[in-house]
>>> print(open('target-v5.cif').read())   # mmCIF, C-alpha atoms
data_protein
#
loop_
_atom_site.label_atom_id
_atom_site.label_comp_id
_atom_site.auth_asym_id
_atom_site.auth_seq_id
_atom_site.Cartn_x
_atom_site.Cartn_y
_atom_site.Cartn_z
CA MET A 1 92.79 5.10 -144.90
CA THR A 2 93.46 1.51 -143.94
CA LYS A 3 94.54 0.88 -147.51
CA THR A 4 97.21 3.60 -147.58
CA LYS A 5 98.40 2.42 -144.22
CA GLU A 6 98.87 -1.12 -145.48
CA VAL A 7 100.86 0.12 -148.45
CA LYS A 8 103.02 2.23 -146.15
CA GLN A 9 103.76 -0.68 -143.85
CA LYS A 10 104.85 -2.84 -146.76
CA LYS A 11 107.02 -0.06 -148.09
CA TYR A 12 109.53 0.10 -145.28
CA LEU A 13 111.07 -2.48 -143.03
CA ASN A 14 109.57 -2.95 -139.56
CA PRO A 15 111.53 -0.46 -137.39
CA TYR A 16 112.38 -2.98 -134.68
CA VAL A 17 113.72 -5.43 -137.29
CA GLY A 18 115.64 -2.53 -138.89
CA GLY A 19 117.03 -1.64 -135.47
CA VAL A 20 118.26 -5.17 -134.78
CA LEU A 21 119.90 -5.32 -138.24
CA LEU A 22 121.54 -1.93 -137.70
CA GLY A 23 122.77 -3.15 -134.31
CA ILE A 24 124.34 -6.20 -135.99
CA VAL A 25 126.09 -3.90 -138.50
CA LEU A 26 127.36 -1.83 -135.55
CA LEU A 27 128.56 -4.98 -133.78
CA ALA A 28 130.34 -6.11 -136.96
CA ALA A 29 132.12 -2.74 -137.18
CA ASN A 30 133.37 -3.10 -133.62
CA PHE A 31 134.35 -6.74 -134.12
CA VAL A 32 136.33 -5.97 -137.28
CA SER A 33 137.91 -2.59 -136.55
CA GLY A 34 137.54 -2.04 -132.80
CA ARG A 35 135.46 1.08 -133.46
CA GLY A 36 131.82 1.70 -134.22
CA LEU A 37 130.13 3.33 -137.20
CA GLY A 38 130.50 6.97 -138.18
CA ALA A 39 129.71 9.53 -140.83
CA SER A 40 131.05 13.01 -140.08
CA GLY A 41 134.61 11.65 -139.80
CA ALA A 42 134.59 10.93 -143.54
CA ILE A 43 133.61 14.56 -144.24
CA LYS A 44 136.40 15.76 -141.97
CA SER A 45 138.88 13.58 -143.94
CA THR A 46 137.69 15.11 -147.20
CA VAL A 47 137.88 18.68 -145.88
CA VAL A 48 141.39 18.09 -144.50
CA THR A 49 142.48 16.59 -147.85
CA ALA A 50 141.08 19.51 -149.83
CA VAL A 51 142.53 22.14 -147.49
CA THR A 52 146.02 20.61 -147.44
CA ALA A 53 145.97 20.26 -151.23
CA ILE A 54 145.10 23.93 -151.73
CA VAL A 55 147.14 25.35 -148.81
CA PRO A 56 150.00 22.89 -148.10
CA SER A 57 151.29 25.01 -145.19
CA SER A 58 148.03 24.35 -143.28
CA THR A 59 149.52 21.12 -141.87
CA GLU A 60 151.61 23.43 -139.66
CA SER A 61 149.48 26.58 -139.43
CA SER A 62 146.04 25.09 -138.74
CA GLY A 63 145.41 23.56 -135.31
CA PHE A 64 142.51 21.64 -136.83
CA VAL A 65 144.58 19.96 -139.57
CA LYS A 66 147.44 19.37 -137.11
CA GLU A 67 145.15 17.63 -134.64
CA PHE A 68 143.78 15.44 -137.43
CA SER A 69 147.22 14.45 -138.78
CA GLU A 70 148.43 13.53 -135.30
CA SER A 71 145.58 11.05 -134.84
CA HIS A 72 145.47 9.76 -138.45
CA LYS A 73 148.74 8.68 -140.03
CA GLY A 74 149.11 8.59 -143.80
CA ASN A 75 146.61 9.58 -146.47
CA PRO A 76 143.47 11.08 -144.85
CA MET A 77 141.27 9.55 -147.57
CA LYS A 78 142.57 6.04 -146.81
CA THR A 79 140.67 5.78 -143.55
CA TRP A 80 138.02 3.39 -142.29
CA LEU A 81 135.18 5.92 -142.26
CA VAL A 82 135.83 7.11 -145.84
CA PHE A 83 135.52 3.52 -147.11
CA GLU A 84 132.50 2.93 -144.89
CA MET A 85 130.69 6.03 -146.20
CA MET A 86 131.36 5.03 -149.81
CA GLY A 87 129.65 1.77 -148.86
CA VAL A 88 126.69 3.72 -147.42
CA LEU A 89 126.13 5.39 -150.80
CA VAL A 90 126.19 1.98 -152.54
CA GLY A 91 123.99 0.29 -149.91
CA GLY A 92 121.42 3.09 -149.89
CA PHE A 93 121.32 3.11 -153.68
CA LEU A 94 120.82 -0.68 -153.85
CA SER A 95 118.02 -0.57 -151.27
CA GLY A 96 116.34 2.32 -153.10
CA ALA A 97 116.64 0.44 -156.39
CA PHE A 98 115.05 -2.73 -154.99
CA ALA A 99 112.22 -0.73 -153.41
CA GLY A 100 111.62 1.47 -156.46
CA ARG A 101 112.50 4.67 -154.62
CA LEU A 102 115.23 6.06 -156.92
CA LYS A 103 114.07 9.53 -157.91
CA PHE A 104 115.52 13.04 -158.00
CA LYS A 105 113.31 15.20 -155.82
CA VAL A 106 113.21 17.86 -153.14
CA GLU A 107 111.19 16.48 -150.25
CA HIS A 108 109.25 19.13 -148.34
CA SER A 109 106.00 19.91 -146.60
CA PRO A 110 103.29 21.33 -148.92
CA GLN A 111 103.31 24.40 -146.65
CA ILE A 112 106.74 25.55 -147.82
CA THR A 113 108.46 25.98 -151.18
CA SER A 114 111.33 23.86 -152.50
CA ARG A 115 113.56 26.89 -152.31
CA LYS A 116 112.86 27.39 -148.60
CA ARG A 117 113.41 23.68 -147.97
CA LEU A 118 116.80 23.78 -149.68
CA LEU A 119 117.90 26.90 -147.77
CA LEU A 120 116.93 25.23 -144.49
CA ALA A 121 118.71 22.02 -145.53
CA LEU A 122 121.86 24.02 -146.24
CA GLY A 123 121.63 25.85 -142.90
CA GLY A 124 120.93 22.61 -141.03
CA GLY A 125 123.91 20.97 -142.73
CA VAL A 126 126.24 23.81 -141.74
CA LEU A 127 125.11 23.60 -138.10
CA PHE A 128 125.35 19.79 -138.05
CA GLY A 129 128.79 19.84 -139.66
CA PHE A 130 130.08 22.37 -137.14
CA GLY A 131 128.44 20.63 -134.17
CA SER A 132 129.80 17.22 -135.19
CA GLN A 133 133.34 18.56 -134.99
CA LEU A 134 132.80 20.19 -131.61
CA GLY A 135 131.01 17.09 -130.30
CA ARG A 136 133.64 14.68 -131.70
CA GLY A 137 131.20 12.79 -133.89
CA CYS A 138 127.61 12.90 -135.05
CA THR A 139 124.51 10.82 -134.41
CA SER A 140 126.33 7.73 -135.76
CA GLY A 141 129.85 8.10 -134.40
CA SER A 142 129.19 9.79 -131.10
CA ALA A 143 125.62 8.97 -130.08
CA LEU A 144 124.86 5.51 -131.55
CA SER A 145 128.35 3.99 -131.47
CA GLY A 146 129.15 5.69 -128.15
CA MET A 147 126.01 4.27 -126.53
CA ALA A 148 126.85 0.72 -127.66
CA VAL A 149 130.22 0.91 -125.86
CA LEU A 150 128.53 2.63 -122.87
CA SER A 151 130.51 5.87 -123.34
CA LEU A 152 129.28 8.56 -120.96
CA GLY A 153 129.92 11.21 -123.63
CA GLY A 154 127.87 9.22 -126.16
CA PHE A 155 124.82 9.28 -123.91
CA ILE A 156 125.28 12.99 -123.13
CA THR A 157 125.61 13.93 -126.82
CA MET A 158 122.58 11.80 -127.72
CA MET A 159 120.46 13.55 -125.10
CA ALA A 160 121.70 16.99 -126.22
CA ILE A 161 120.91 16.27 -129.91
CA PHE A 162 117.42 14.85 -129.41
CA GLY A 163 116.58 17.19 -126.50
CA THR A 164 117.42 20.29 -128.56
CA ALA A 165 115.56 19.05 -131.62
CA PHE A 166 112.46 18.38 -129.48
CA ALA A 167 112.77 21.80 -127.81
CA LEU A 168 112.95 23.60 -131.17
CA ALA A 169 110.36 21.41 -132.94
CA TYR A 170 107.53 23.89 -132.41
CA LEU A 171 109.44 26.69 -134.16
CA PHE A 172 110.06 24.57 -137.24
CA ARG A 173 106.70 22.75 -137.38
CA LYS A 174 105.62 24.31 -140.69
CA ASN A 175 108.57 22.72 -142.45
CA TRP A 176 107.54 19.21 -141.56
CA ILE A 177 103.83 18.92 -140.74
CA MET B 1 139.87 -13.00 -131.31
CA GLY B 2 138.25 -9.61 -131.98
CA PRO B 3 138.71 -6.80 -132.81
CA LEU B 4 140.25 -8.40 -135.89
CA ALA B 5 142.19 -5.38 -137.17
CA ILE B 6 143.70 -4.48 -133.79
CA ASN B 7 144.76 -8.07 -133.11
CA GLU B 8 146.27 -8.10 -136.62
CA ILE B 9 144.22 -11.11 -137.66
CA ILE B 10 143.36 -9.20 -140.84
CA SER B 11 145.55 -6.80 -142.81
CA GLU B 12 144.98 -3.06 -143.05
CA ASN B 13 143.68 -3.41 -146.61
CA THR B 14 141.25 -6.17 -145.62
CA ASN B 15 140.07 -3.90 -142.80
CA LEU B 16 139.34 -1.11 -145.30
CA PHE B 17 137.61 -3.54 -147.67
CA LEU B 18 135.40 -4.74 -144.80
CA ALA B 19 134.70 -1.07 -143.94
CA PHE B 20 133.23 -0.72 -147.43
CA ILE B 21 131.14 -3.91 -147.00
CA ILE B 22 129.93 -2.83 -143.54
CA GLY B 23 129.09 0.57 -145.05
CA ILE B 24 126.91 -1.15 -147.66
CA GLY B 25 125.04 -2.90 -144.85
CA PHE B 26 124.74 0.40 -142.95
CA GLY B 27 123.34 2.29 -145.97
CA PHE B 28 121.04 -0.58 -146.96
CA VAL B 29 119.46 -0.92 -143.51
CA LEU B 30 119.08 2.87 -143.11
CA GLU B 31 117.31 3.15 -146.47
CA GLN B 32 115.11 0.08 -145.87
CA SER B 33 114.03 1.61 -142.55
CA GLY B 34 113.00 4.87 -144.24
CA PHE B 35 115.95 7.01 -143.10
CA SER B 36 116.33 8.40 -146.62
CA SER B 37 113.24 10.56 -146.04
CA SER B 38 113.66 13.80 -144.05
CA ARG B 39 109.95 14.07 -143.31
CA LYS B 40 109.95 10.56 -141.88
CA LEU B 41 113.02 11.38 -139.76
CA ALA B 42 111.58 14.67 -138.48
CA GLY B 43 108.31 12.86 -137.62
CA VAL B 44 109.73 11.71 -134.30
CA PHE B 45 109.75 15.32 -133.04
CA TYR B 46 106.01 15.70 -133.76
CA GLY B 47 104.89 12.16 -132.93
CA TYR B 48 103.48 11.27 -136.37
CA ASP B 49 106.35 8.89 -137.21
CA THR B 50 108.68 7.60 -134.51
CA VAL B 51 110.80 5.31 -136.68
CA VAL B 52 113.98 7.18 -135.64
CA LEU B 53 113.47 6.48 -131.96
CA LYS B 54 112.60 2.81 -132.53
CA VAL B 55 115.44 2.01 -134.91
CA PHE B 56 118.01 4.08 -133.02
CA PHE B 57 117.39 2.60 -129.58
CA THR B 58 116.90 -0.96 -130.85
CA ALA B 59 120.22 -0.67 -132.69
CA ALA B 60 122.11 0.83 -129.73
CA ILE B 61 120.79 -1.91 -127.44
CA THR B 62 121.50 -4.69 -129.96
CA GLY B 63 125.05 -3.41 -130.42
CA MET B 64 125.56 -3.04 -126.68
CA LEU B 65 124.23 -6.52 -125.85
CA GLY B 66 126.22 -8.01 -128.74
CA LEU B 67 129.44 -6.53 -127.38
CA LEU B 68 128.68 -7.66 -123.81
CA PHE B 69 127.90 -11.22 -124.92
CA PHE B 70 130.86 -11.39 -127.35
CA SER B 71 133.06 -10.34 -124.44
CA LEU B 72 131.45 -12.95 -122.18
CA PHE B 73 132.14 -15.69 -124.76
CA GLY B 74 135.71 -14.45 -125.18
CA TRP B 75 135.15 -13.46 -128.82
CA ILE B 76 136.15 -9.83 -128.36
CA ASP B 77 138.47 -8.00 -125.98
CA LEU B 78 136.50 -4.97 -124.84
CA ASN B 79 139.71 -3.33 -123.56
CA LEU B 80 140.74 -2.97 -127.21
CA VAL B 81 137.41 -1.50 -128.32
CA TYR B 82 137.39 2.30 -128.64
CA VAL B 83 135.29 4.07 -126.03
CA ASN B 84 134.48 7.63 -127.12
CA PRO B 85 136.17 10.12 -124.79
CA THR B 86 134.01 12.49 -122.76
CA TYR B 87 134.73 16.21 -122.98
CA LEU B 88 131.72 17.43 -121.05
CA THR B 89 131.43 20.99 -122.44
CA SER B 90 131.87 20.15 -126.10
CA ALA B 91 129.67 17.03 -125.84
CA ILE B 92 126.79 19.22 -124.63
CA VAL B 93 127.36 22.33 -126.79
CA GLY B 94 128.16 20.23 -129.88
CA GLY B 95 125.03 18.16 -129.27
CA ILE B 96 122.86 21.28 -128.94
CA ILE B 97 124.20 22.68 -132.24
CA MET B 98 123.64 19.30 -133.93
CA GLY B 99 120.09 19.12 -132.56
CA ALA B 100 119.32 22.54 -134.06
CA GLY B 101 120.81 21.37 -137.36
CA PHE B 102 118.70 18.21 -137.22
CA ILE B 103 115.31 19.95 -136.82
CA MET B 104 116.25 22.61 -139.36
CA GLY B 105 117.78 20.34 -142.01
CA GLY B 106 115.86 17.12 -141.37
CA TYR B 107 118.91 14.89 -141.67
CA CYS B 108 121.99 13.89 -139.75
CA PRO B 109 125.25 13.19 -141.63
CA GLY B 110 124.73 9.42 -142.05
CA THR B 111 121.11 9.69 -143.14
CA SER B 112 121.88 12.56 -145.55
CA PHE B 113 124.26 10.26 -147.48
CA CYS B 114 121.49 7.66 -147.47
CA GLY B 115 118.98 10.20 -148.83
CA ALA B 116 121.46 11.46 -151.42
CA SER B 117 122.06 7.89 -152.63
CA ILE B 118 118.44 7.63 -153.82
CA GLY B 119 118.31 11.13 -155.33
CA LYS B 120 117.00 13.42 -152.57
CA ILE B 121 118.21 16.87 -153.60
CA ASP B 122 117.58 18.30 -150.13
CA ALA B 123 119.96 15.64 -148.78
CA ILE B 124 122.64 16.59 -151.32
CA VAL B 125 122.32 20.26 -150.31
CA PHE B 126 122.51 19.22 -146.63
CA ILE B 127 125.80 17.42 -147.37
CA GLY B 128 127.09 20.61 -149.01
CA GLY B 129 126.21 22.35 -145.73
CA LEU B 130 128.11 19.70 -143.74
CA PHE B 131 131.30 20.42 -145.67
CA ILE B 132 130.89 24.16 -145.07
CA GLY B 133 130.24 23.58 -141.35
CA VAL B 134 133.32 21.36 -140.93
CA PHE B 135 135.38 23.88 -142.89
CA ILE B 136 134.20 26.77 -140.67
CA PHE B 137 135.11 24.75 -137.57
CA GLY B 138 138.58 24.16 -139.01
CA ILE B 139 139.17 27.78 -140.08
CA GLY B 140 138.16 29.22 -136.71
CA TYR B 141 139.66 26.38 -134.66
CA ASP B 142 141.74 28.77 -132.53
CA LEU B 143 138.57 30.60 -131.50
CA TRP B 144 136.91 27.55 -129.94
CA ASP B 145 139.70 25.10 -129.18
CA GLY B 146 139.40 26.18 -125.52
CA MET B 147 135.81 24.96 -125.46
CA TYR B 148 136.66 21.91 -127.60
CA LEU B 149 139.31 20.72 -125.14
CA ALA B 150 137.59 21.81 -121.88
CA SER B 151 136.49 19.46 -119.08
CA ASN B 152 138.16 16.29 -120.34
CA LEU B 153 136.89 13.42 -118.20
CA GLY B 154 138.85 10.71 -120.05
CA SER B 155 136.82 7.79 -121.43
CA PRO B 156 134.45 6.87 -118.61
CA LYS B 157 131.68 4.33 -119.03
CA ILE B 158 128.24 5.52 -118.04
CA SER B 159 127.78 2.37 -115.94
CA THR B 160 130.93 3.21 -113.92
CA THR B 161 129.82 6.82 -113.47
CA LEU B 162 126.45 5.64 -112.17
CA GLY B 163 128.16 3.07 -109.95
CA MET B 164 126.60 -0.08 -111.42
CA SER B 165 127.74 -3.07 -113.45
CA ASP B 166 127.50 -3.01 -117.26
CA GLY B 167 124.84 -5.74 -117.12
CA ILE B 168 122.58 -3.88 -114.70
CA PHE B 169 122.89 -0.69 -116.75
CA ALA B 170 122.05 -2.61 -119.93
CA PHE B 171 118.98 -4.09 -118.26
CA LEU B 172 117.77 -0.65 -117.09
CA LEU B 173 118.38 0.82 -120.56
CA ILE B 174 116.24 -1.92 -122.10
CA LEU B 175 113.42 -1.12 -119.64
CA ALA B 176 113.72 2.59 -120.50
CA ALA B 177 113.64 1.80 -124.22
CA LEU B 178 110.53 -0.39 -123.81
CA ALA B 179 108.80 2.51 -122.02
CA MET B 180 109.78 4.88 -124.86
CA PHE B 181 108.55 2.42 -127.51
CA TRP B 182 105.22 2.24 -125.72
CA VAL B 183 104.95 6.06 -125.73
CA ALA B 184 106.03 6.09 -129.40
CA GLU B 185 103.30 3.65 -130.43
CA TRP B 186 100.75 5.72 -128.51
CA ALA B 187 101.97 8.95 -130.17
CA GLU B 188 101.66 7.50 -133.66
CA LYS B 189 98.02 6.66 -132.94
CA LYS B 190 97.34 10.05 -131.39
CA PHE B 191 99.01 12.14 -134.15
CA PRO B 192 98.41 10.04 -137.27
CA ARG B 193 99.30 11.30 -140.74
CA GLU B 194 98.46 9.47 -143.90
CA GLU B 195 100.77 10.91 -146.51
CA TYR B 196 104.00 12.76 -146.16
#
>>> encode(input="target-v5.cif", output="structure tokens")
Amino acid sequence: MTKTKEVKQKKYLNPYVGGVLLGIVLLAANFVSGRGLGASGAIKSTVVTAVTAIVPSSTESSGFVKEFSESHKGNPMKTWLVFEMMGVLVGGFLSGAFAGRLKFKVEHSPQITSRKRLLLALGGGVLFGFGSQLGRGCTSGSALSGMAVLSLGGFITMMAIFGTAFALAYLFRKNWI
Amino acid sequence: MGPLAINEIISENTNLFLAFIIGIGFGFVLEQSGFSSSRKLAGVFYGYDTVVLKVFFTAAITGMLGLLFFSLFGWIDLNLVYVNPTYLTSAIVGGIIMGAGFIMGGYCPGTSFCGASIGKIDAIVFIGGLFIGVFIFGIGYDLWDGMYLASNLGSPKISTTLGMSDGIFAFLLILAALAMFWVAEWAEKKFPREEY
């Protein structure tokens, strides 16, 4: 047991060191752009781009697209978060390559099948995507970045996300334990 | 001096280039910390792996202290830094829906891109779900824009709401985080798991 534990500890970065490094990345984002990190905003940009390409009239007919265009001038793909998320894919890939973790696989508890895991991942993604729009940002943009600038809403969203996940953990235990 | 883009010290294109570089740092640190694994992320809700709590709060506090000290040294004008607005209803309801998505799907948007970058198929499917969820929100916008725009409190700081200075709030948050880290370390000993 001690042996596997040692291997595990070497595998990943110490979480407190990782946290300080992530905080420095967050500080750099604020110092450069005046805003924190984010993730769901890049998905919103992509959805708006796809929708307006397929249905050009949606810039007038959809309140959602209208609201986006009012706050983001120009090409929706030429935004800070889209470039940042492309960087996330590169950075994650590089880290995985250095650590020998590049591998196509479905990660799931031995108690459930891959198929069930994928259905739950899809459902979880739909809920998270919807919630991130309602909550004006996800764990990165609203909770983490909001907390660093002491936003009241950031703290409230963080507590709602983690509180709900804790409250529902028992129902979903078979998927993880 | 900062924020560089707002003070027009760097051009718009340099700003976007730096977004890409900062994104690389973001993805690299997330992956190095183990955020590419859904079972590691979900561990915090069962106590067997609390890496999410430790990394998340350490990062929020580091970012917060960094901004406060940069402001103190005159390196950044905090009046130009974006403070997320608070719409009370949607912050709570949106957070509840995201929390359900988190425990069901095992990822959040940022970590799902991190997982996808190293080949996690469940993360790629989760991202597919994100697009569908954002699309549904957009299609039905008129149904919930009332809730989306309700109880707008502006962009208050939590320290102002609680009637204390930023520094005092930061100090109390650090104490709270230390208490949580202590509980987290205890939980990992109490609910250990070898392989997952």
>>> resolve_selection(input="target-v5.cif", expression="the PyMOL selection byres ((chain A and resi 95-102) around 10)", output="number ranges by chain")
A: 11-12, 90-94, 103-105; B: 24-25, 27-34, 36, 114-120
>>> residues_around(input="target-v5.cif", residues="Leu21 of chain A", least_positions_apart="5", cutoff="9 Å", atoms="all atoms listed in the file", output="number ranges by chain")
A: 16, 26; B: 25-26, 29, 59, 62
>>> closest_residue(input="target-v5.cif", among="A:Met159, A:Ala165, A:Val65, A:Ala39", to="Arg136 of chain A", atoms="only C-alpha atoms")
A:Ala39
>>> residues_around(input="target-v5.cif", residues="segment 143-155 of chain A", least_positions_apart="5", cutoff="8 Å", atoms="all atoms listed in the file", output="PyMOL selection string")
(chain A and resi 26+35-38+137-138) or (chain B and resi 56+59-65+67+81-88+91+155-159+161)
>>> resolve_selection(input="target-v5.cif", expression="the PyMOL selection byres ((chain A and resi 33) around 7)", output="PyMOL selection string")
(chain A and resi 29-32+34-35) or (chain B and resi 3-6+15)
>>> residues_around(input="target-v5.cif", residues="segment 126-131 of chain A", least_positions_apart="6", cutoff="12 Å", atoms="all atoms listed in the file", output="VMD selection string")
(chain A and resid 39 to 44 47 119 to 120 137 to 139 142 157 160 to 161 165) or (chain B and resid 90 to 110 112 125 to 141 144 148)
>>> atom_distance(input="target-v5.cif", atom1="atom CA of Phe35 of chain B", atom2="atom CA of Glu107 of chain A")
12.8 Å
>>> closest_residue(input="target-v5.cif", among="B:Leu68, B:Met147, B:Leu53, B:Asp122", to="chain A", atoms="all atoms listed in the file")
B:Asp122
>>> atom_distance(input="target-v5.cif", atom1="atom CA of Phe191 of chain B", atom2="atom CA of Tyr48 of chain B")
5.1 Å
>>> closest_residue(input="target-v5.cif", among="B:Phe45, B:Lys40, B:Met1, B:Phe181", to="Arg173 of chain A", atoms="only C-alpha atoms")
B:Phe45
>>> atom_distance(input="target-v5.cif", atom1="atom CA of His72 of chain A", atom2="atom CA of Leu22 of chain A")
26.6 Å
>>> closest_residue(input="target-v5.cif", among="A:Ser57, A:Ser71, A:Asn14, A:Thr113", to="chain B", atoms="all atoms listed in the file")
A:Asn14
>>> closest_residue(input="target-v5.cif", among="B:Gly43, B:Glu8, B:Val55, B:Met180", to="chain A", atoms="only C-alpha atoms")
B:Val55
>>> closest_residue(input="target-v5.cif", among="A:Leu89, A:Val106, A:Ile24, A:Leu171", to="Arg39 of chain B", atoms="only C-alpha atoms")
A:Val106
>>> residues_around(input="target-v5.cif", residues="Ala177 of chain B", least_positions_apart="2", cutoff="9 Å", atoms="only C-alpha atoms", output="VMD selection string")
chain B and resid 54 57 to 58 61 172 to 175 179 to 182
